[in-house]
>>> print(open('data_26.cif').read())   # mmCIF, C-alpha atoms and all ligand atoms
data_start
#
loop_
_atom_site.group_PDB
_atom_site.id
_atom_site.type_symbol
_atom_site.label_atom_id
_atom_site.label_comp_id
_atom_site.auth_asym_id
_atom_site.auth_seq_id
_atom_site.Cartn_x
_atom_site.Cartn_y
_atom_site.Cartn_z
ATOM 1 C CA MET A 822 -19.010 -8.148 -9.190
ATOM 2 C CA PRO A 823 -17.568 -4.603 -9.060
ATOM 3 C CA LYS A 824 -14.962 -3.422 -11.511
ATOM 4 C CA PHE A 825 -12.538 -1.537 -9.324
ATOM 5 C CA GLU A 826 -11.118 1.767 -10.490
ATOM 6 C CA LYS A 827 -8.055 1.383 -8.328
ATOM 7 C CA HIS A 828 -6.273 -1.419 -6.545
ATOM 8 C CA ILE A 829 -3.982 -0.846 -3.585
ATOM 9 C CA PHE A 830 -1.674 -3.800 -3.001
ATOM 10 C CA ILE A 831 0.074 -3.851 0.360
ATOM 11 C CA CYS A 832 2.880 -6.358 0.863
ATOM 12 C CA THR A 833 2.362 -8.300 4.086
ATOM 13 C CA ASN A 834 5.033 -10.905 3.472
ATOM 14 C CA GLU A 835 6.911 -12.223 6.502
ATOM 15 C CA ARG A 836 10.419 -13.680 6.736
ATOM 16 C CA LYS A 837 12.257 -15.262 9.598
ATOM 17 C CA ASP A 838 14.133 -13.033 12.021
ATOM 18 C CA GLY A 839 17.621 -12.296 10.827
ATOM 19 C CA ASP A 840 16.848 -12.532 7.128
ATOM 20 C CA PRO A 841 19.149 -9.984 5.473
ATOM 21 C CA ARG A 842 16.379 -8.555 3.283
ATOM 22 C CA GLY A 843 13.954 -8.108 6.136
ATOM 23 C CA CYS A 844 10.261 -8.048 5.359
ATOM 24 C CA CYS A 845 7.327 -5.690 5.165
ATOM 25 C CA LYS A 846 5.391 -7.438 7.906
ATOM 26 C CA SER A 847 8.111 -6.855 10.496
ATOM 27 C CA ARG A 848 7.941 -3.151 9.605
ATOM 28 C CA GLY A 849 4.241 -2.875 10.327
ATOM 29 C CA SER A 850 2.568 -3.587 6.994
ATOM 30 C CA GLU A 851 -0.389 -5.493 8.510
ATOM 31 C CA LYS A 852 -1.430 -2.391 10.423
ATOM 32 C CA ILE A 853 -1.031 -0.303 7.273
ATOM 33 C CA ARG A 854 -3.179 -2.757 5.307
ATOM 34 C CA GLU A 855 -5.913 -2.592 7.946
ATOM 35 C CA PHE A 856 -5.776 1.196 7.847
ATOM 36 C CA PHE A 857 -6.150 1.275 4.050
ATOM 37 C CA LYS A 858 -9.089 -1.137 4.227
ATOM 38 C CA ASP A 859 -10.824 0.820 6.964
ATOM 39 C CA GLU A 860 -10.273 4.139 5.209
ATOM 40 C CA VAL A 861 -11.596 2.847 1.871
ATOM 41 C CA LYS A 862 -14.784 1.900 3.679
ATOM 42 C CA ARG A 863 -14.970 5.079 5.768
ATOM 43 C CA ARG A 864 -14.501 7.290 2.697
ATOM 44 C CA GLY A 865 -17.307 5.530 0.817
ATOM 45 C CA LEU A 866 -14.937 4.105 -1.794
ATOM 46 C CA LYS A 867 -15.936 0.469 -1.367
ATOM 47 C CA GLY A 868 -16.734 -1.012 -4.789
ATOM 48 C CA LYS A 869 -14.488 1.538 -6.518
ATOM 49 C CA VAL A 870 -11.230 0.981 -4.659
ATOM 50 C CA ARG A 871 -9.870 -2.293 -3.333
ATOM 51 C CA ALA A 872 -7.083 -2.656 -0.754
ATOM 52 C CA ASN A 873 -5.516 -6.125 -0.863
ATOM 53 C CA ALA A 874 -2.743 -7.888 0.992
ATOM 54 C CA ALA A 875 0.013 -8.974 -1.370
ATOM 55 C CA GLY A 876 2.876 -11.413 -1.122
ATOM 56 C CA CYS A 877 6.464 -10.289 -1.536
ATOM 57 C CA LEU A 878 6.813 -7.629 -4.238
ATOM 58 C CA ASP A 879 10.597 -8.083 -4.316
ATOM 59 C CA HIS A 880 11.505 -4.630 -3.032
ATOM 60 C CA CYS A 881 11.833 -5.779 0.557
ATOM 61 C CA GLU A 882 14.629 -3.390 1.508
ATOM 62 C CA ARG A 883 12.241 -0.505 0.810
ATOM 63 C CA GLY A 884 9.351 -1.936 2.761
ATOM 64 C CA PRO A 885 6.656 -1.580 3.683
ATOM 65 C CA VAL A 886 5.887 -1.473 -0.031
ATOM 66 C CA VAL A 887 2.528 -0.518 -1.572
ATOM 67 C CA VAL A 888 1.605 -0.464 -5.272
ATOM 68 C CA VAL A 889 -1.374 1.401 -6.720
ATOM 69 C CA TYR A 890 -2.881 0.228 -10.022
ATOM 70 C CA PRO A 891 -3.780 0.946 -12.767
ATOM 71 C CA GLU A 892 -1.114 3.676 -12.584
ATOM 72 C CA GLY A 893 1.569 1.273 -11.350
ATOM 73 C CA VAL A 894 2.972 3.676 -8.792
ATOM 74 C CA TRP A 895 5.110 2.137 -6.053
ATOM 75 C CA TYR A 896 5.239 3.663 -2.596
ATOM 76 C CA HIS A 897 7.178 3.262 0.621
ATOM 77 C CA VAL A 898 4.595 3.581 3.396
ATOM 78 C CA GLU A 899 5.761 3.695 6.997
ATOM 79 C CA ASN A 900 2.633 4.588 8.917
ATOM 80 C CA GLU A 901 -0.962 5.803 8.861
ATOM 81 C CA THR A 902 0.101 9.356 8.056
ATOM 82 C CA ASP A 903 1.774 8.131 4.863
ATOM 83 C CA ALA A 904 -1.220 5.964 3.975
ATOM 84 C CA ARG A 905 -3.572 8.903 4.515
ATOM 85 C CA GLU A 906 -1.483 11.042 2.159
ATOM 86 C CA ILE A 907 -1.717 8.403 -0.583
ATOM 87 C CA LEU A 908 -5.465 8.141 -0.127
ATOM 88 C CA ASP A 909 -5.914 11.920 -0.193
ATOM 89 C CA ARG A 910 -3.583 12.726 -3.014
ATOM 90 C CA HIS A 911 -3.488 9.667 -5.267
ATOM 91 C CA ILE A 912 -6.624 7.617 -4.657
ATOM 92 C CA GLU A 913 -9.006 10.544 -4.280
ATOM 93 C CA GLY A 914 -6.972 13.357 -5.819
ATOM 94 C CA GLY A 915 -5.691 11.502 -8.886
ATOM 95 C CA GLU A 916 -2.072 12.659 -8.493
ATOM 96 C CA VAL A 917 1.095 10.802 -7.553
ATOM 97 C CA GLU A 918 2.232 11.429 -3.983
ATOM 98 C CA ASP A 919 5.817 12.328 -4.846
ATOM 99 C CA ARG A 920 7.154 12.359 -1.302
ATOM 100 C CA LEU A 921 6.480 8.630 -0.862
ATOM 101 C CA ALA A 922 6.862 7.329 -4.424
ATOM 102 C CA ILE A 923 9.608 4.813 -5.183
ATOM 103 C CA TYR A 924 8.660 4.342 -8.857
ATOM 104 C CA LYS A 925 6.088 6.184 -10.916
HETATM 105 S S1 LIG A 1001 8.679 -8.543 1.898
HETATM 106 FE FE1 LIG A 1001 7.564 -6.859 1.096
HETATM 107 S S2 LIG A 1001 8.462 -6.535 -0.830
HETATM 108 FE FE2 LIG A 1001 9.423 -8.297 -0.111
#
>>> encode(input="data_26.cif", output="structure tokens", more="lines below")
Ligand code: FES
Amino acid sequence: MPKFEKHIFICTNERKDGDPRGCCKSRGSEKIREFFKDEVKRRGLKGKVRANAAGCLDHCERGPVVVVYPEGVWYHVENETDAREILDRHIEGGEVEDRLAIYK
């Protein structure tokens, strides 16, 4: 069983329409999760980096929300361009992507 160097948790929680907090799924987080998974594989990072769906991370208003461990950096990720930046800069580059970080 591999010991991952980094975990990318992507909230894919869904709430009913009209919920005042909204949810990450309604803002496209499933597509973002798929993109992270595909890119981890395409970049040859499988076994070192794991992209997982997560339940609600309780920052719904800022969704879609992504957290990268072990650094514990929280990101707001709207699309594939944002996800690509996190992969380039944080996952492969080892630096926080300041433009998208919520908490670091
Ligand atoms: S629904 Fe994603 S953080 Fe709550």
>>> resolve_selection(input="data_26.cif", expression="the PyMOL selection byres (((chain A and resi 846) around 6) and not hetatm)", output="ChimeraX atom specification")
/A:833-835,844-845,847-850
>>> write_last_selection(input="data_26.cif", atoms="C-alpha atoms", output="compact mmCIF listing (two decimals), in the coordinates of the input")
# COMPACT_ATOMS: atom_id res chain seq x y z
CA THR A 833 2.36 -8.30 4.09
CA ASN A 834 5.03 -10.90 3.47
CA GLU A 835 6.91 -12.22 6.50
CA CYS A 844 10.26 -8.05 5.36
CA CYS A 845 7.33 -5.69 5.16
CA SER A 847 8.11 -6.86 10.50
CA ARG A 848 7.94 -3.15 9.60
CA GLY A 849 4.24 -2.88 10.33
CA SER A 850 2.57 -3.59 6.99
>>> resolve_selection(input="data_26.cif", expression="the PyMOL selection byres (((not hetatm)) within 6 of (chain A and resi 1001))", output="ChimeraX atom specification")
/A:832,834,844-845,877-881,884-886
>>> resolve_selection(input="data_26.cif", expression="the PyMOL selection byres (((chain A and resi 912) around 12) and not hetatm)", output="PyMOL selection string")
chain A and resi 825-829+857+860-861+864+866+869-872+888-892+894+904-911+913-918
>>> atom_distance(input="data_26.cif", atom1="CA of Ala922 (chain A)", atom2="CA of Ile853 (chain A)")
16.0 Å
>>> atom_distance(input="data_26.cif", atom1="CA of Asp903 (chain A)", atom2="CA of Glu851 (chain A)")
14.3 Å
>>> closest_residue(input="data_26.cif", among="A:Lys867, A:His897, A:Gly876, A:Arg854", to="Asp919 (chain A)", atoms="only C-alpha atoms")
A:His897
>>> residues_around(input="data_26.cif", residues="Val887 (chain A)", least_positions_apart="2", cutoff="6 Å", atoms="all atoms listed in the file", output="compact mmCIF listing (two decimals) with C-alpha atoms, keeping the file's coordinate frame")
# COMPACT_ATOMS: atom_id res chain seq x y z
CA PHE A 830 -1.67 -3.80 -3.00
CA ILE A 831 0.07 -3.85 0.36
CA TRP A 895 5.11 2.14 -6.05
CA TYR A 896 5.24 3.66 -2.60
>>> atom_distance(input="data_26.cif", atom1="CA of Pro823 (chain A)", atom2="CA of Gly868 (chain A)")
5.6 Å
>>> closest_residue(input="data_26.cif", among="A:Lys925, A:Glu899, A:Arg883, A:Asn873", to="Glu855 (chain A)", atoms="only C-alpha atoms")
A:Asn873
>>> axis_aligned_box(input="data_26.cif", around="region 849-857 of chain A", padding_each_side="5 Å", output="lines of an AutoDock Vina configuration file")
center_x = -1.0
center_y = -2.1
center_z = 7.2
size_x = 20.4
size_y = 16.8
size_z = 16.4
>>> closest_residue(input="data_26.cif", among="A:Glu882, A:Asp859, A:Leu921, A:Arg836", to="Val898 (chain A)", atoms="only C-alpha atoms")
A:Leu921
